[in-house]
$ cat run17.cif   # mmCIF, C-alpha atoms and all ligand atoms
data_query
#
loop_
_atom_site.label_atom_id
_atom_site.label_comp_id
_atom_site.auth_asym_id
_atom_site.auth_seq_id
_atom_site.Cartn_x
_atom_site.Cartn_y
_atom_site.Cartn_z
CA MET A 1316 -47.88 -32.67 113.56
CA PRO A 1317 -49.54 -30.01 115.72
CA GLU A 1318 -49.98 -26.86 113.68
CA TRP A 1319 -47.94 -24.70 116.05
CA THR A 1320 -44.75 -26.62 115.41
CA VAL A 1321 -44.86 -25.72 111.71
CA SER A 1322 -42.37 -23.01 110.80
CA ARG A 1323 -43.56 -19.57 109.79
CA THR A 1324 -41.46 -19.32 106.65
CA ARG A 1325 -43.83 -17.21 104.60
CA SER A 1326 -44.53 -14.80 107.47
CA GLN A 1327 -40.85 -14.37 108.05
CA GLU A 1328 -40.02 -13.78 104.39
CA LEU A 1329 -42.83 -11.29 104.04
CA PHE A 1330 -41.81 -9.50 107.19
CA GLN A 1331 -38.32 -8.96 105.77
CA GLU A 1332 -39.89 -7.42 102.70
CA ILE A 1333 -42.23 -5.26 104.78
CA ALA A 1334 -39.37 -4.05 106.97
CA HIS A 1335 -37.47 -3.06 103.83
CA TRP A 1336 -40.24 -0.65 102.83
CA VAL A 1337 -41.82 0.26 106.15
CA ALA A 1338 -39.68 1.65 108.98
CA GLY A 1339 -39.55 -0.91 111.75
CA GLY A 1340 -41.87 -3.21 109.78
CA GLU A 1341 -44.84 -1.67 111.56
CA THR A 1342 -46.89 1.48 111.61
CA SER A 1343 -47.20 1.82 115.38
CA TYR A 1344 -44.39 1.76 117.91
CA ALA A 1345 -46.55 -0.30 120.27
CA ARG A 1346 -46.74 -3.13 117.75
CA GLN A 1347 -43.04 -3.42 117.07
CA MET A 1348 -42.71 -6.70 118.88
CA GLY A 1349 -39.37 -8.17 117.98
CA THR A 1350 -39.10 -11.90 118.05
CA PHE A 1351 -42.34 -13.07 116.42
CA PRO A 1352 -43.21 -11.03 113.38
CA LEU A 1353 -46.63 -12.39 112.54
CA VAL A 1354 -47.87 -11.28 109.15
CA ILE A 1355 -51.63 -11.65 109.13
CA ALA A 1356 -53.55 -12.59 106.03
CA ARG A 1357 -57.11 -12.94 107.28
CA SER A 1358 -59.29 -12.56 110.35
CA GLU A 1359 -62.63 -13.92 111.45
CA GLY A 1360 -64.41 -14.08 114.80
CA PRO A 1361 -61.83 -14.83 117.53
CA PHE A 1362 -59.17 -15.85 114.99
CA LEU A 1363 -56.26 -14.38 113.12
CA TYR A 1364 -54.67 -16.38 110.29
CA ASP A 1365 -51.08 -15.68 109.29
CA GLU A 1366 -49.49 -15.87 105.86
CA ASP A 1367 -48.45 -19.47 106.59
CA GLY A 1368 -52.08 -20.37 107.14
CA LEU A 1369 -51.66 -20.81 110.90
CA ARG A 1370 -54.56 -19.87 113.14
CA TYR A 1371 -54.29 -17.86 116.35
CA ILE A 1372 -56.90 -17.25 119.00
CA ASP A 1373 -56.57 -13.52 119.38
CA TYR A 1374 -56.71 -11.82 122.75
CA CYS A 1375 -55.52 -8.48 121.42
CA CYS A 1376 -58.70 -7.88 119.40
CA GLY A 1377 -57.23 -4.96 117.48
CA TYR A 1378 -56.12 -3.38 120.79
CA GLY A 1379 -59.57 -3.60 122.27
CA VAL A 1380 -61.43 -2.40 119.20
CA ASN A 1381 -63.15 -5.59 118.08
CA LEU A 1382 -65.76 -6.10 120.78
CA PHE A 1383 -67.75 -8.34 118.44
CA GLY A 1384 -64.78 -10.31 117.15
CA HIS A 1385 -62.98 -9.89 113.86
CA ASN A 1386 -64.78 -8.97 110.69
CA PRO A 1387 -68.44 -9.29 111.74
CA PRO A 1388 -70.54 -9.57 108.55
CA TRP A 1389 -73.24 -7.12 109.76
CA LEU A 1390 -70.61 -4.44 110.22
CA VAL A 1391 -69.02 -5.02 106.84
CA GLU A 1392 -72.46 -4.92 105.21
CA ALA A 1393 -73.42 -1.65 106.96
CA VAL A 1394 -70.23 0.02 105.80
CA CYS A 1395 -70.46 -1.32 102.23
CA GLN A 1396 -74.04 -0.08 102.00
CA ALA A 1397 -73.04 3.42 103.08
CA ILE A 1398 -70.10 3.47 100.68
CA ARG A 1399 -72.25 2.31 97.77
CA ILE A 1400 -74.51 5.31 98.27
CA MET A 1401 -72.21 8.02 99.60
CA GLY A 1402 -68.73 6.86 98.65
CA PRO A 1403 -65.98 6.45 101.22
CA HIS A 1404 -65.40 10.16 101.72
CA PHE A 1405 -66.53 13.60 100.55
CA ALA A 1406 -65.81 16.03 103.41
CA PHE A 1407 -69.30 17.53 103.87
CA PRO A 1408 -71.84 17.11 106.63
CA HIS A 1409 -74.16 14.14 106.10
CA ARG A 1410 -76.99 12.62 108.05
CA LEU A 1411 -74.73 10.14 109.87
CA TYR A 1412 -73.13 13.05 111.76
CA ALA A 1413 -76.40 13.61 113.61
CA GLU A 1414 -77.32 9.95 113.85
CA VAL A 1415 -74.04 9.01 115.50
CA GLY A 1416 -73.91 12.16 117.65
CA GLU A 1417 -77.37 11.45 118.99
CA ARG A 1418 -76.54 7.82 119.73
CA ILE A 1419 -73.33 8.75 121.57
CA ALA A 1420 -75.26 11.25 123.69
CA ALA A 1421 -77.78 8.54 124.54
CA PHE A 1422 -75.00 6.29 125.90
CA PHE A 1423 -73.11 9.18 127.55
CA PRO A 1424 -75.46 11.69 129.20
CA SER A 1425 -72.49 13.98 129.99
CA ILE A 1426 -72.13 14.58 126.24
CA GLU A 1427 -74.44 17.01 124.45
CA GLN A 1428 -72.24 17.64 121.44
CA VAL A 1429 -69.34 15.81 119.85
CA ARG A 1430 -66.65 16.28 117.27
CA PHE A 1431 -65.28 13.35 115.33
CA ALA A 1432 -61.57 12.63 114.99
CA ASN A 1433 -59.49 9.96 113.26
CA SER A 1434 -57.88 8.49 116.36
CA GLY A 1435 -57.85 8.65 120.11
CA THR A 1436 -54.56 10.52 119.91
CA GLU A 1437 -56.10 13.27 117.79
CA ALA A 1438 -59.17 13.54 120.00
CA VAL A 1439 -57.00 13.84 123.12
CA MET A 1440 -54.90 16.56 121.44
CA ALA A 1441 -58.08 18.46 120.61
CA VAL A 1442 -59.62 18.13 124.04
CA VAL A 1443 -56.44 19.28 125.81
CA ARG A 1444 -56.30 22.32 123.51
CA LEU A 1445 -59.97 22.98 124.23
CA ALA A 1446 -59.43 22.78 127.99
CA ARG A 1447 -56.53 25.23 127.72
CA ALA A 1448 -58.63 27.62 125.65
CA ILE A 1449 -61.58 27.47 128.05
CA THR A 1450 -59.54 28.01 131.20
CA GLY A 1451 -56.70 30.13 129.85
CA ARG A 1452 -54.31 27.86 131.77
CA PRO A 1453 -51.37 25.90 130.32
CA CYS A 1454 -50.91 22.70 132.35
CA ILE A 1455 -52.66 19.37 132.68
CA VAL A 1456 -52.57 16.81 135.46
CA LYS A 1457 -51.89 13.33 134.12
CA PHE A 1458 -51.42 10.03 135.96
CA GLU A 1459 -48.43 7.72 136.07
CA GLY A 1460 -48.97 4.77 133.78
CA ALA A 1461 -51.82 6.40 131.87
CA TYR A 1462 -51.79 6.28 128.10
CA HIS A 1463 -53.49 9.00 126.12
CA GLY A 1464 -51.87 8.47 122.72
CA TRP A 1465 -48.54 9.50 121.31
CA ALA A 1466 -48.94 13.25 120.71
CA ASP A 1467 -46.55 15.74 122.31
CA PRO A 1468 -48.92 17.23 124.93
CA VAL A 1469 -49.34 13.82 126.59
CA CYS A 1470 -46.20 11.93 125.56
CA VAL A 1471 -44.78 12.51 129.01
CA GLY A 1472 -44.74 10.05 131.87
CA TRP A 1473 -42.90 8.25 134.61
CA GLN A 1474 -40.55 5.42 133.76
CA ALA A 1475 -38.59 3.39 136.25
CA SER A 1476 -35.51 3.96 134.10
CA SER A 1477 -35.80 7.75 134.09
CA GLY A 1478 -35.87 8.35 137.83
CA GLU A 1479 -38.40 10.57 139.58
CA GLY A 1480 -40.56 13.14 137.88
CA PRO A 1481 -42.03 13.46 134.40
CA ALA A 1482 -39.89 12.48 131.43
CA PRO A 1483 -40.52 12.63 127.69
CA GLU A 1484 -41.73 9.27 126.40
CA SER A 1485 -40.18 9.91 123.02
CA ALA A 1486 -37.12 11.59 121.61
CA GLY A 1487 -38.15 14.87 120.05
CA VAL A 1488 -40.68 15.92 122.68
CA LEU A 1489 -39.87 19.50 123.71
CA PRO A 1490 -39.05 20.41 127.33
CA GLU A 1491 -42.04 22.81 127.22
CA ALA A 1492 -44.33 19.82 126.68
CA VAL A 1493 -42.79 18.03 129.65
CA ALA A 1494 -43.11 21.14 131.80
CA SER A 1495 -46.82 21.43 131.01
CA VAL A 1496 -47.63 17.97 132.39
CA LEU A 1497 -47.97 17.53 136.14
CA LEU A 1498 -47.76 13.84 136.98
CA CYS A 1499 -49.56 12.26 139.91
CA PRO A 1500 -49.83 8.65 141.06
CA PHE A 1501 -53.16 7.04 140.15
CA ASN A 1502 -55.43 6.53 143.15
CA ASP A 1503 -53.58 9.07 145.24
CA LEU A 1504 -56.04 11.89 145.89
CA GLU A 1505 -53.75 13.55 148.39
CA ALA A 1506 -51.06 13.91 145.75
CA VAL A 1507 -53.55 15.41 143.31
CA GLU A 1508 -54.78 17.81 145.95
CA ALA A 1509 -51.23 18.86 146.80
CA CYS A 1510 -50.54 19.40 143.12
CA LEU A 1511 -53.63 21.57 142.70
CA GLU A 1512 -52.88 23.41 145.91
CA ALA A 1513 -49.41 24.28 144.63
CA ARG A 1514 -50.16 24.92 140.94
CA GLY A 1515 -53.96 25.22 140.75
CA LEU A 1516 -54.00 28.49 138.81
CA GLU A 1517 -51.92 26.91 136.05
CA ILE A 1518 -53.98 23.74 135.67
CA ALA A 1519 -56.46 23.59 132.80
CA ALA A 1520 -57.58 20.02 133.31
CA ILE A 1521 -57.24 16.77 135.17
CA LEU A 1522 -56.94 14.21 132.38
CA VAL A 1523 -57.63 10.69 133.58
CA GLU A 1524 -58.13 7.22 132.23
CA PRO A 1525 -60.81 6.23 134.75
CA VAL A 1526 -59.45 2.69 134.69
CA LEU A 1527 -55.73 2.59 134.08
CA GLY A 1528 -55.88 0.38 131.01
CA SER A 1529 -52.37 0.23 129.58
CA GLY A 1530 -50.87 0.68 133.03
CA GLY A 1531 -51.77 -2.70 134.51
CA LEU A 1532 -55.57 -2.67 134.67
CA LEU A 1533 -55.92 -0.59 137.80
CA GLN A 1534 -59.40 0.14 139.08
CA PRO A 1535 -60.07 3.51 140.66
CA ALA A 1536 -60.14 3.14 144.44
CA PRO A 1537 -63.55 3.89 145.95
CA GLY A 1538 -64.02 7.66 145.96
CA PHE A 1539 -61.00 8.43 143.75
CA LEU A 1540 -62.91 9.60 140.67
CA GLN A 1541 -65.44 11.41 142.88
CA GLY A 1542 -62.50 13.09 144.61
CA LEU A 1543 -61.07 14.22 141.27
CA ARG A 1544 -64.46 15.67 140.38
CA ALA A 1545 -64.53 17.66 143.62
CA LEU A 1546 -60.93 18.86 143.25
CA ALA A 1547 -61.48 19.96 139.65
CA ASP A 1548 -64.51 21.96 140.76
CA ARG A 1549 -62.71 23.48 143.71
CA TYR A 1550 -59.73 24.66 141.64
CA GLY A 1551 -61.59 25.65 138.47
CA ALA A 1552 -60.01 22.95 136.31
CA LEU A 1553 -61.89 20.72 133.88
CA LEU A 1554 -62.21 16.99 134.48
CA ILE A 1555 -61.56 15.01 131.31
CA PHE A 1556 -62.24 11.29 131.13
CA ASP A 1557 -60.24 9.53 128.45
CA GLU A 1558 -62.64 6.67 127.75
CA VAL A 1559 -60.98 5.57 124.52
CA LEU A 1560 -60.47 2.17 126.12
CA THR A 1561 -63.25 2.00 128.70
CA GLY A 1562 -66.04 3.53 126.60
CA PHE A 1563 -68.43 0.77 125.47
CA ARG A 1564 -65.98 -1.74 127.02
CA ILE A 1565 -66.53 -1.77 130.76
CA SER A 1566 -70.17 -0.75 130.39
CA PRO A 1567 -72.22 0.66 127.52
CA GLY A 1568 -71.86 4.12 129.09
CA GLY A 1569 -68.20 3.59 129.99
CA ALA A 1570 -66.56 4.27 133.32
CA GLN A 1571 -68.64 7.38 133.99
CA ALA A 1572 -71.77 5.25 134.08
CA LEU A 1573 -70.13 2.44 136.03
CA TYR A 1574 -68.61 4.65 138.73
CA GLY A 1575 -71.26 7.38 138.65
CA VAL A 1576 -68.98 10.36 138.03
CA ARG A 1577 -69.76 13.02 135.42
CA PRO A 1578 -66.70 14.47 133.68
CA ASP A 1579 -66.72 17.81 131.87
CA LEU A 1580 -65.31 16.41 128.67
CA THR A 1581 -64.99 12.85 127.38
CA VAL A 1582 -62.84 11.19 124.75
CA LEU A 1583 -64.06 8.05 122.97
CA GLY A 1584 -62.49 5.78 120.36
CA LYS A 1585 -61.69 2.13 119.69
CA ILE A 1586 -64.99 0.18 119.93
CA LEU A 1587 -66.93 3.21 118.67
CA GLY A 1588 -65.62 2.86 115.10
CA GLY A 1589 -65.90 -0.92 114.89
CA GLY A 1590 -62.37 -1.11 113.43
CA PHE A 1591 -62.57 2.03 111.30
CA ALA A 1592 -60.44 5.04 112.19
CA LEU A 1593 -62.82 6.94 114.43
CA ALA A 1594 -62.65 8.71 117.76
CA ALA A 1595 -64.71 11.50 119.26
CA PHE A 1596 -64.61 14.07 122.00
CA GLY A 1597 -67.54 15.85 123.50
CA GLY A 1598 -69.31 17.42 126.42
CA PRO A 1599 -71.94 20.04 127.21
CA ARG A 1600 -72.76 22.57 124.45
CA GLU A 1601 -71.31 25.39 126.51
CA LEU A 1602 -67.90 23.71 126.72
CA MET A 1603 -67.94 22.76 123.04
CA ARG A 1604 -68.68 26.36 122.01
CA PRO A 1605 -65.04 27.36 121.29
CA VAL A 1606 -64.86 24.45 118.83
CA ALA A 1607 -68.28 25.27 117.37
CA GLU A 1608 -67.20 28.87 116.80
CA GLY A 1609 -63.86 27.85 115.32
CA ARG A 1610 -61.84 29.62 118.01
CA VAL A 1611 -60.34 26.27 118.96
CA VAL A 1612 -59.04 24.68 115.81
CA HIS A 1613 -59.93 21.05 115.29
CA GLY A 1614 -59.99 19.54 111.84
CA GLY A 1615 -58.79 16.88 109.45
CA THR A 1616 -59.48 15.92 105.86
CA TYR A 1617 -61.03 12.61 106.82
CA THR A 1618 -62.91 13.39 110.02
CA GLY A 1619 -66.48 12.09 110.03
CA SER A 1620 -66.38 10.24 106.71
CA PRO A 1621 -69.44 8.17 105.78
CA THR A 1622 -67.31 5.04 106.06
CA VAL A 1623 -66.40 5.45 109.70
CA LEU A 1624 -69.73 6.86 110.81
CA ALA A 1625 -71.68 4.07 109.11
CA ALA A 1626 -69.57 1.65 111.13
CA ALA A 1627 -70.21 3.62 114.33
CA ARG A 1628 -73.96 3.69 113.76
CA ALA A 1629 -73.99 -0.07 113.23
CA VAL A 1630 -71.92 -0.66 116.39
CA LEU A 1631 -74.05 1.64 118.54
CA ASP A 1632 -77.31 0.15 117.28
CA ARG A 1633 -75.98 -3.30 117.97
CA LEU A 1634 -74.98 -2.33 121.50
CA ALA A 1635 -78.36 -0.74 122.16
CA ARG A 1636 -80.04 -4.00 121.12
CA GLU A 1637 -77.70 -6.24 123.11
CA GLY A 1638 -78.18 -4.51 126.47
CA SER A 1639 -76.61 -5.49 129.78
CA ALA A 1640 -76.80 -9.29 129.31
CA PHE A 1641 -74.12 -8.95 126.64
CA TYR A 1642 -71.72 -7.34 129.08
CA ARG A 1643 -72.56 -9.83 131.81
CA THR A 1644 -71.72 -12.78 129.57
CA LEU A 1645 -68.46 -11.19 128.47
CA ALA A 1646 -67.48 -10.53 132.08
CA GLU A 1647 -68.34 -14.09 133.13
CA ARG A 1648 -66.27 -15.56 130.33
CA THR A 1649 -63.38 -13.27 131.17
CA GLU A 1650 -63.57 -14.35 134.79
CA ARG A 1651 -63.52 -17.99 133.70
CA LEU A 1652 -60.48 -17.42 131.50
CA ALA A 1653 -58.73 -15.50 134.29
CA ARG A 1654 -59.28 -18.29 136.82
CA GLY A 1655 -58.19 -20.87 134.22
CA ILE A 1656 -54.95 -19.01 133.54
CA GLU A 1657 -54.25 -18.82 137.27
CA ALA A 1658 -54.88 -22.56 137.60
CA ALA A 1659 -52.50 -23.22 134.69
CA MET A 1660 -49.80 -21.03 136.24
CA HIS A 1661 -50.10 -22.76 139.59
CA ALA A 1662 -50.23 -26.28 138.10
CA ALA A 1663 -46.92 -25.51 136.40
CA GLY A 1664 -45.46 -24.26 139.69
CA LEU A 1665 -45.34 -20.63 138.56
CA VAL A 1666 -46.08 -17.75 140.89
CA GLY A 1667 -48.77 -15.64 139.32
CA HIS A 1668 -52.25 -14.24 139.30
CA VAL A 1669 -54.60 -12.58 136.87
CA ARG A 1670 -56.08 -9.11 137.12
CA ARG A 1671 -59.49 -8.60 135.54
CA ILE A 1672 -61.91 -5.80 134.88
CA ALA A 1673 -65.02 -6.42 132.77
CA SER A 1674 -63.78 -8.11 129.56
CA MET A 1675 -60.11 -7.22 130.05
CA LEU A 1676 -57.51 -9.21 131.91
CA LEU A 1677 -53.80 -9.21 132.62
CA PRO A 1678 -51.77 -12.23 133.76
CA VAL A 1679 -49.17 -11.10 136.28
CA PHE A 1680 -46.10 -13.17 137.03
CA GLY A 1681 -45.79 -12.08 140.61
CA PRO A 1682 -47.58 -12.65 143.91
CA SER A 1683 -51.18 -11.54 144.17
CA SER A 1684 -51.52 -8.26 146.02
CA ASP A 1685 -54.72 -6.53 147.02
CA ASP A 1686 -52.66 -3.47 147.92
CA ALA A 1687 -51.63 -2.72 144.34
CA ARG A 1688 -53.13 0.74 143.81
CA THR A 1689 -50.63 2.59 141.69
CA TYR A 1690 -48.80 2.03 138.45
CA ARG A 1691 -45.50 1.75 140.32
CA ASP A 1692 -46.99 -1.03 142.47
CA LEU A 1693 -47.77 -2.99 139.32
CA VAL A 1694 -44.43 -2.34 137.68
CA ALA A 1695 -42.87 -3.85 140.79
CA LEU A 1696 -45.22 -6.85 140.78
CA GLN A 1697 -44.97 -7.95 137.17
CA ASP A 1698 -41.95 -10.01 136.10
CA ALA A 1699 -41.74 -8.38 132.70
CA ALA A 1700 -39.23 -10.79 131.16
CA ARG A 1701 -41.29 -13.79 132.25
CA TYR A 1702 -44.49 -12.25 130.89
CA ARG A 1703 -42.89 -11.52 127.51
CA ARG A 1704 -41.55 -15.06 127.28
CA PHE A 1705 -45.00 -16.42 128.16
CA CYS A 1706 -46.51 -14.44 125.27
CA GLU A 1707 -43.84 -15.77 122.89
CA LEU A 1708 -44.61 -19.33 123.96
CA LEU A 1709 -48.33 -18.68 123.54
CA VAL A 1710 -47.77 -17.69 119.93
CA ARG A 1711 -46.18 -21.08 119.35
CA TYR A 1712 -49.35 -22.67 120.66
CA GLY A 1713 -51.63 -20.54 118.53
CA VAL A 1714 -52.72 -17.95 121.06
CA PHE A 1715 -51.93 -14.29 120.56
CA ALA A 1716 -51.61 -11.77 123.39
CA HIS A 1717 -49.67 -8.55 123.28
CA ARG A 1718 -46.20 -8.69 124.84
CA PHE A 1719 -46.40 -5.37 126.63
CA PRO A 1720 -45.99 -6.45 130.29
CA LEU A 1721 -48.68 -4.16 131.70
CA GLY A 1722 -50.97 -4.28 128.70
CA ARG A 1723 -54.17 -6.21 128.75
CA TRP A 1724 -55.99 -9.01 127.02
CA PHE A 1725 -59.39 -8.32 125.53
CA LEU A 1726 -62.27 -10.71 125.06
CA SER A 1727 -64.87 -10.31 122.37
CA ALA A 1728 -68.33 -11.75 121.87
CA ALA A 1729 -66.69 -14.27 119.52
CA HIS A 1730 -64.70 -15.80 122.40
CA THR A 1731 -67.18 -18.55 123.15
CA GLU A 1732 -66.93 -21.19 125.88
CA GLU A 1733 -65.35 -23.60 123.38
CA ILE A 1734 -62.75 -21.04 122.39
CA LEU A 1735 -61.94 -20.45 126.05
CA GLU A 1736 -61.52 -24.17 126.63
CA GLU A 1737 -59.20 -24.51 123.66
CA SER A 1738 -57.28 -21.43 124.81
CA LEU A 1739 -56.85 -22.82 128.32
CA ASP A 1740 -55.43 -26.10 126.98
CA ARG A 1741 -52.85 -24.16 125.03
CA ILE A 1742 -52.13 -21.73 127.85
CA ALA A 1743 -51.50 -24.70 130.17
CA GLN A 1744 -48.89 -26.05 127.75
CA ALA A 1745 -47.20 -22.66 127.48
CA CYS A 1746 -47.06 -22.44 131.30
CA MET A 1747 -45.46 -25.88 131.48
CA ASP A 1748 -42.87 -24.88 128.87
CA LEU A 1749 -42.13 -21.68 130.75
CA ALA A 1750 -41.71 -23.54 134.03
CA ARG A 1751 -39.38 -26.04 132.32
CA GLU A 1752 -37.25 -23.24 130.87
CA LEU A 1753 -36.98 -21.61 134.27
CA GLY A 1754 -35.77 -24.94 135.66
C1 LIG B 1 -56.95 5.42 127.01
C2 LIG B 1 -56.41 5.67 125.63
N1 LIG B 1 -56.37 6.94 125.17
C3 LIG B 1 -55.92 7.22 123.95
C4 LIG B 1 -55.43 6.23 123.12
C5 LIG B 1 -54.90 6.57 121.77
O1 LIG B 1 -55.81 6.17 120.80
P1 LIG B 1 -55.32 5.86 119.32
O2 LIG B 1 -54.45 4.66 119.38
O3 LIG B 1 -56.61 5.64 118.56
O4 LIG B 1 -54.59 7.06 118.84
C6 LIG B 1 -55.44 4.91 123.56
C7 LIG B 1 -54.92 3.83 122.72
O5 LIG B 1 -54.68 2.72 123.12
C8 LIG B 1 -55.94 4.62 124.85
O6 LIG B 1 -55.96 3.37 125.33
#
$ encode --input "run17.cif" --output "structure tokens"
Amino acid sequence: MPEWTVSRTRSQELFQEIAHWVAGGETSYARQMGTFPLVIARSEGPFLYDEDGLRYIDYCCGYGVNLFGHNPPWLVEAVCQAIRIMGPHFAFPHRLYAEVGERIAAFFPSIEQVRFANSGTEAVMAVVRLARAITGRPCIVKFEGAYHGWADPVCVGWQASSGEGPAPESAGVLPEAVASVLLCPFNDLEAVEACLEARGLEIAAILVEPVLGSGGLLQPAPGFLQGLRALADRYGALLIFDEVLTGFRISPGGAQALYGVRPDLTVLGKILGGGFALAAFGGPRELMRPVAEGRVVHGGTYTGSPTVLAAARAVLDRLAREGSAFYRTLAERTERLARGIEAAMHAAGLVGHVRRIASMLLPVFGPSSDDARTYRDLVALQDAARYRRFCELLVRYGVFAHRFPLGRWFLSAAHTEEILEESLDRIAQACMDLARELG
């Protein structure tokens, strides 16, 4: 019997128990998935193994964290070595502060100094506060479909269900938080200019994901990021690149290296910590001065622990050794997977295409459109129900991808040609099943 037809009894039982003790059965709203509660027991390379012993080829990769696959032995060893000497945590400066800071600055020339945080959300909170302190202005420009974490200052966005204008993305977000966010469509420089023209003296920063990652994998149109740079300069606002997703993912130096635009401040996370809870924000010394002097409060019991910084040093050294060939191979494999998924969709008679940037991709159940430039364009293109069903069927066939309709799949170095081939076989079967269900 193929392994994917076996029932997930143990996973299901355990999930009931988990949900009894843990609200929602999860510790992140984004992972509360509904129909297929997978309880994972083990991970290695491209694979997750659930409590029933079933294996999944994972295209979530810890939400883009695991660039080298799950549980790489060199990373585990580097962290264990640091812990054996320093312990997991002591809350004092240690040599890894400088070693990681220096390495980040080598990858990101716009960064002279950093501060370490425990998550992208925390780093974004800090950098928004810093921008407000530097400029003395209250508002930020944010883009529709962008994700900058779940904290109040950025938990505001556009949703088709909430009509026009910014809306809180969570119950409990104060109207003041909503009022301090000015939303613009991604890739629409004219809209940003109009916004700055109207409210420029109130705007502390333009906060942008240089590639809209959680909003449908949208590339910046030629000149868009350069235009933001010019507008920020003209109106005295700071330009902040949230490279939590793109940093070390779309190029070793992130989107700023790829597109040749220098932000004032940058936020990093995910790949940086190799799976440990680490993010960072940074920029020129002058802009980091309010943090250095303690006028802008940024802290945390756990920030910069030996555990997380040992992981970061190992990741950054590995990336420095790998060089550009590593990224080229990842991009080629992602392209191959993307074309294979399209072929599987079409062979099953499904309308669809696959968006791809570097080692991220997104299957879209909707006609291909070169005109898709904004988040709203992509919301209109993607058949969300069909995408979610596709992901459910994939789980049955031992392939895991996140069910969020405008999320993205991530490849890692562990996704070899053989793994891609196996994935494509299974994806083809899921497409056939989906087509059959649709009649
Ligand atoms: C661009 C971006 N910014 C910020 C965050 C929040 O980071 P974290 O989940 O570490 O809080 C994410 C998470 O997916 C992200 O993709």
$ atom_distance --input "run17.cif" --atom1 "CA of Glu1558 (chain A)" --atom2 "atom O6 of ligand LIG 1 (chain B)"
7.8 Å
$ residues_near_point --input "run17.cif" --point "(-51.6, -20.2, 109.6)" --cutoff "9 Å" --atoms "only C-alpha atoms" --output "list in words"
Glu1318, Trp1319, Val1321, Arg1323, Ile1355, Ala1356, Leu1363, Tyr1364, Asp1365, Glu1366, Asp1367, Gly1368, Leu1369, Arg1370, Tyr1371 and Gly1713 of chain A
$ write_last_selection --input "run17.cif" --atoms "C-alpha atoms" --output "CSV table (one decimal), in the coordinates of the input"
chain,number,residue,atom,x,y,z
A,1318,GLU,CA,-50.0,-26.9,113.7
A,1319,TRP,CA,-47.9,-24.7,116.0
A,1321,VAL,CA,-44.9,-25.7,111.7
A,1323,ARG,CA,-43.6,-19.6,109.8
A,1355,ILE,CA,-51.6,-11.6,109.1
A,1356,ALA,CA,-53.6,-12.6,106.0
A,1363,LEU,CA,-56.3,-14.4,113.1
A,1364,TYR,CA,-54.7,-16.4,110.3
A,1365,ASP,CA,-51.1,-15.7,109.3
A,1366,GLU,CA,-49.5,-15.9,105.9
A,1367,ASP,CA,-48.4,-19.5,106.6
A,1368,GLY,CA,-52.1,-20.4,107.1
A,1369,LEU,CA,-51.7,-20.8,110.9
A,1370,ARG,CA,-54.6,-19.9,113.1
A,1371,TYR,CA,-54.3,-17.9,116.4
A,1713,GLY,CA,-51.6,-20.5,118.5
$ residues_near_ligand --input "run17.cif" --ligand "ligand LIG 1 (chain B)" --cutoff "9 Å" --atoms "only C-alpha atoms and all ligand atoms" --output "ChimeraX atom specification"
/A:1343,1378-1379,1433-1439,1461-1466,1523-1529,1556-1561,1582-1585,1592-1594
$ closest_atom_pairs --input "run17.cif" --of "region 1626-1731 of chain A" --to "region 1411-1419 of chain A" --cutoff "10 Å" --atoms "only C-alpha atoms" --output "JSON lines"
{"residue": "A:Ala1626", "atom": "CA", "partner": "A:Val1415", "partner_atom": "CA", "distance": 9.7}
{"residue": "A:Ala1627", "atom": "CA", "partner": "A:Val1415", "partner_atom": "CA", "distance": 6.7}
{"residue": "A:Arg1628", "atom": "CA", "partner": "A:Val1415", "partner_atom": "CA", "distance": 5.6}
{"residue": "A:Ala1629", "atom": "CA", "partner": "A:Val1415", "partner_atom": "CA", "distance": 9.4}
{"residue": "A:Val1630", "atom": "CA", "partner": "A:Val1415", "partner_atom": "CA", "distance": 9.9}
{"residue": "A:Leu1631", "atom": "CA", "partner": "A:Arg1418", "partner_atom": "CA", "distance": 6.8}
{"residue": "A:Asp1632", "atom": "CA", "partner": "A:Arg1418", "partner_atom": "CA", "distance": 8.1}
{"residue": "A:Ala1635", "atom": "CA", "partner": "A:Arg1418", "partner_atom": "CA", "distance": 9.1}
$ atom_distance --input "run17.cif" --atom1 "CA of Ala1750 (chain A)" --atom2 "CA of Ala1475 (chain A)"
27.2 Å
$ residues_around --input "run17.cif" --residues "Asp1373 (chain A)" --least-positions-apart "2" --cutoff "6 Å" --atoms "only C-alpha atoms" --output "ChimeraX atom specification"
/A:1361-1362,1371,1375,1715
$ residues_near_point --input "run17.cif" --point "(-51.6, -8.6, 138.2)" --cutoff "9 Å" --atoms "only C-alpha atoms" --output "NGL selection string"
:A and (1531-1532 or 1667-1671 or 1676-1684 or 1687 or 1693 or 1696-1697 or 1721)
$ atom_distance --input "run17.cif" --atom1 "CA of Val1456 (chain A)" --atom2 "CA of Pro1483 (chain A)"
14.9 Å
$ residues_around --input "run17.cif" --residues "Ala1700 (chain A)" --least-positions-apart "3" --cutoff "10 Å" --atoms "all atoms listed in the file" --output "list in words"
Phe1680, Gln1697, Arg1703, Arg1704, Phe1705, Arg1718 and Pro1720 of chain A
$ write_last_selection --input "run17.cif" --atoms "C-alpha atoms" --output "short mmCIF file (atom, residue, chain, number, x, y, z; two decimals), keeping the file's coordinate frame"
data_model
loop_
_atom_site.label_atom_id
_atom_site.label_comp_id
_atom_site.auth_asym_id
_atom_site.auth_seq_id
_atom_site.Cartn_x
_atom_site.Cartn_y
_atom_site.Cartn_z
CA PHE A 1680 -46.10 -13.17 137.03
CA GLN A 1697 -44.97 -7.95 137.17
CA ARG A 1703 -42.89 -11.52 127.51
CA ARG A 1704 -41.55 -15.06 127.28
CA PHE A 1705 -45.00 -16.42 128.16
CA ARG A 1718 -46.20 -8.69 124.84
CA PRO A 1720 -45.99 -6.45 130.29
#
